[in-house]
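Q: Quick one: the structure is below, questions incoming.
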Amino acid sequence: MSSFVRPALPGEDPLTARSRNTSSSARTNAVGSGRTARPYRPVSLHLAIAPPVSVVIPAMNEAENLPYVFKTLPDWIHEVVLVDGASTDNTVEVARELRPDVKVVRQRGKGKGDALISGFAACTGDIIVMIDADGSADGNEIVSYVSALVSGADFAKGSRFANGGGTDDMTLIRRLGNRALCAVVNAKFGARYTDLCYGYNAFWRRCLDDITLDCTGFEVETLMNIRVVQAGLRVQEIPSHEFDRIHGVSNLRAVRDGLRVLRVILREKGVPRASRRRPVGLRISALRGEVS
């Protein structure tokens with residue numbers, strides 16, 4: 001059994017399980033590696049975890065949606081990292097009012113990929129969850145992603161088309177385009193994905209060394225999905241339900257962004273890992289001091 005997870009006994013309160021697991025973990029670490037034991041946090045009636053979980057939320061003018069997003073986030077997460085893309089509304093103020101300990105990162109560039117890279121650099125948790133700020137994703141599903149990771153997966157990939165998933169926010173042309181692009185990735189890279197262009201994912205922070213990101217737009221999600229396969233990481237799809245955006249209008253454009261995704265797929269074929277580099281403006285070292 002993983003050292004990160006201990007199930008509660010039948011009828012046992014998770015807090016009791018946490019105390020039992022913490023004591024056991026402390027003894028094991030003291031005798032074994034000598035490292036300081038971290039407390040276990042109850043996640044559900046059957047699961048307690050030690051790894052801290054960071055949630056990254058890229059946002060631009062999402063003040064009206066943030067109350068719905070933050071409401072669904074579980075209280076056991078370690079931190080929330082909000083990446084503000086130069087919002088002209090009170091997105092940052094609303095985030096701080098809802099969660100005073102929120103970590104705000106001021107995005108220096110443009111695009112979703114740039115925002116995620118900035119957010120990942122600011123995370124201190126061992127597990128990183130990426131979720132949209134428009135209210136389309138349910139934060140209550142995070143437990144499923146984290147459970148997959150502590151059970152052995154490297155990358156937990158959300159899927160609207162896996163058994164148990166669904167979507168309320170996909171036009172026919174987007175559905176057909178996603179299916180076609182997914183088929184191309186599966187054929188070219190040996191993947192077995194049921195969904196490709198979906199931004200609800202979670203992974204161990206150490207995986208960032210294997211999936212170096214170097215794109216700035218919506219296609220970042222496809223790039224991640226390709227590179228985790230190229231790196232030989234263990235991927236588990238998580239059924240997820242996508243809801244309609246609550247307020248505002250999406251910046252997603254089916255044809256334009258579909259073509260950008262296709263270019264990423266074609267570019268990645270046969271690209272050696274050593275040639276992948278972050279653009280200078282996106283290097284983690286250059287992002288220090290941008291968090292408030």
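So you can find residues: chains in the structure tokens are A, B, ... in the order shown, residues in each start at 1, and ligands are numbered from 1 in order.
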May I have a table of the residues of region 68-130 of chain A lying at most 9 Å from region 220-224 of chain A, giving each one's closest pair of atoms and their distance in Å to one decimal, counting only C-alpha atoms, ordered by chain and ascending residue number, as a Markdown table?
A:
| residue | atom | partner | partner_atom | distance |
| --- | --- | --- | --- | --- |
| A:Lys112 | CA | A:Val220 | CA | 7.4 |
| A:Gly113 | CA | A:Val220 | CA | 5.1 |
| A:Asp114 | CA | A:Val220 | CA | 8.7 |
| A:Leu116 | CA | A:Val220 | CA | 8.6 |
Q: Output all heavy atoms of each residue in that selection to a file, as a PDB file, in the first residue's frame.
A:
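Output (part-v6.pdb):
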ATOM      1  N   LYS A 112      -3.835  31.210 -22.123  1.00  0.00           N
ATOM      2  CA  LYS A 112      -4.058  30.244 -21.052  1.00  0.00           C
ATOM      3  C   LYS A 112      -2.796  29.462 -20.722  1.00  0.00           C
ATOM      4  O   LYS A 112      -2.521  29.169 -19.556  1.00  0.00           O
ATOM      5  CB  LYS A 112      -5.183  29.283 -21.432  1.00  0.00           C
ATOM      6  CG  LYS A 112      -5.570  28.332 -20.319  1.00  0.00           C
ATOM      7  CD  LYS A 112      -6.772  27.486 -20.657  1.00  0.00           C
ATOM      8  CE  LYS A 112      -7.188  26.631 -19.464  1.00  0.00           C
ATOM      9  NZ  LYS A 112      -8.368  25.786 -19.770  1.00  0.00           N
ATOM     10  N   GLY A 113      -2.034  29.110 -21.743  1.00  0.00           N
ATOM     11  CA  GLY A 113      -0.811  28.368 -21.491  1.00  0.00           C
ATOM     12  C   GLY A 113       0.166  29.167 -20.649  1.00  0.00           C
ATOM     13  O   GLY A 113       0.758  28.657 -19.696  1.00  0.00           O
ATOM     14  N   ASP A 114       0.303  30.430 -20.979  1.00  0.00           N
ATOM     15  CA  ASP A 114       1.178  31.307 -20.208  1.00  0.00           C
ATOM     16  C   ASP A 114       0.695  31.420 -18.765  1.00  0.00           C
ATOM     17  O   ASP A 114       1.493  31.405 -17.825  1.00  0.00           O
ATOM     18  CB  ASP A 114       1.205  32.688 -20.865  1.00  0.00           C
ATOM     19  CG  ASP A 114       2.097  33.670 -20.138  1.00  0.00           C
ATOM     20  OD1 ASP A 114       1.617  34.342 -19.200  1.00  0.00           O
ATOM     21  OD2 ASP A 114       3.283  33.773 -20.505  1.00  0.00           O
ATOM     22  N   LEU A 116      -1.093  29.213 -17.025  1.00  0.00           N
ATOM     23  CA  LEU A 116      -0.872  27.963 -16.300  1.00  0.00           C
ATOM     24  C   LEU A 116       0.600  27.801 -15.917  1.00  0.00           C
ATOM     25  O   LEU A 116       0.921  27.384 -14.801  1.00  0.00           O
ATOM     26  CB  LEU A 116      -1.342  26.777 -17.138  1.00  0.00           C
ATOM     27  CG  LEU A 116      -2.855  26.609 -17.256  1.00  0.00           C
ATOM     28  CD1 LEU A 116      -3.200  25.510 -18.252  1.00  0.00           C
ATOM     29  CD2 LEU A 116      -3.486  26.298 -15.902  1.00  0.00           C
TER      30      LEU A 116
END
Q: I'd like the neighbourhood of region 192-208 of chain A as a ChimeraX atom specification, where a residue qualifies if any of its atoms comes within 8 Å (using only C-alpha atoms), though same-chain residues fewer than 4 positions away should be ignored.
A: /A:125-132,137,145-146,149,154-162,178-179,181-182,186,212-213,219,221-222,225,237
Q: Pick out the residues sitting within 9 Å of Asp210 (chain A), and hand them over as a list in words; count only C-alpha atoms, and ignore anything fewer than 3 positions along from it in its own chain.
A: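 After dropping sequence-adjacent residues, the list is Arg206, Cys207, Arg227, Val228, Gln230, Ala231, Leu233 and Arg273 of chain A.
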Q: Keeping C-alpha atoms, export the residues of the selection given above as a PDB file, in the first residue's frame.
A:
ATOM      1  CA  ARG A 206       7.622  16.442 -10.308  1.00  0.00           C
ATOM      2  CA  CYS A 207       6.008  15.636 -13.673  1.00  0.00           C
ATOM      3  CA  ARG A 227       4.027  14.926 -23.551  1.00  0.00           C
ATOM      4  CA  VAL A 228       2.879  12.788 -20.638  1.00  0.00           C
ATOM      5  CA  GLN A 230       5.944  10.684 -24.680  1.00  0.00           C
ATOM      6  CA  ALA A 231       7.502  10.715 -21.210  1.00  0.00           C
ATOM      7  CA  LEU A 233       4.054   8.631 -17.411  1.00  0.00           C
ATOM      8  CA  ARG A 273      12.851  15.889 -25.463  1.00  0.00           C
TER       9      ARG A 273
END
Q: Could you list, with a cut-off of 8 Å and counting only C-alpha atoms, the residues of region 116-175 of chain A near region 71-94 of chain A, each shown with its nearest atom pair and the distance in Å rounded to one decimal, rows sorted by chain and ascending number, as a Markdown table?
A:
| residue | atom | partner | partner_atom | distance |
| --- | --- | --- | --- | --- |
| A:Leu116 | CA | A:Val83 | CA | 7.6 |
| A:Ser118 | CA | A:Val83 | CA | 7.2 |
| A:Gly119 | CA | A:Val83 | CA | 5.9 |
| A:Ala122 | CA | A:Val81 | CA | 7.3 |
| A:Cys123 | CA | A:Val81 | CA | 7.0 |
| A:Gly125 | CA | A:His78 | CA | 6.8 |
| A:Asp138 | CA | A:Thr72 | CA | 6.2 |
| A:Gly139 | CA | A:Leu73 | CA | 4.6 |
| A:Asn140 | CA | A:Thr72 | CA | 5.6 |
| A:Ile142 | CA | A:Pro74 | CA | 7.8 |
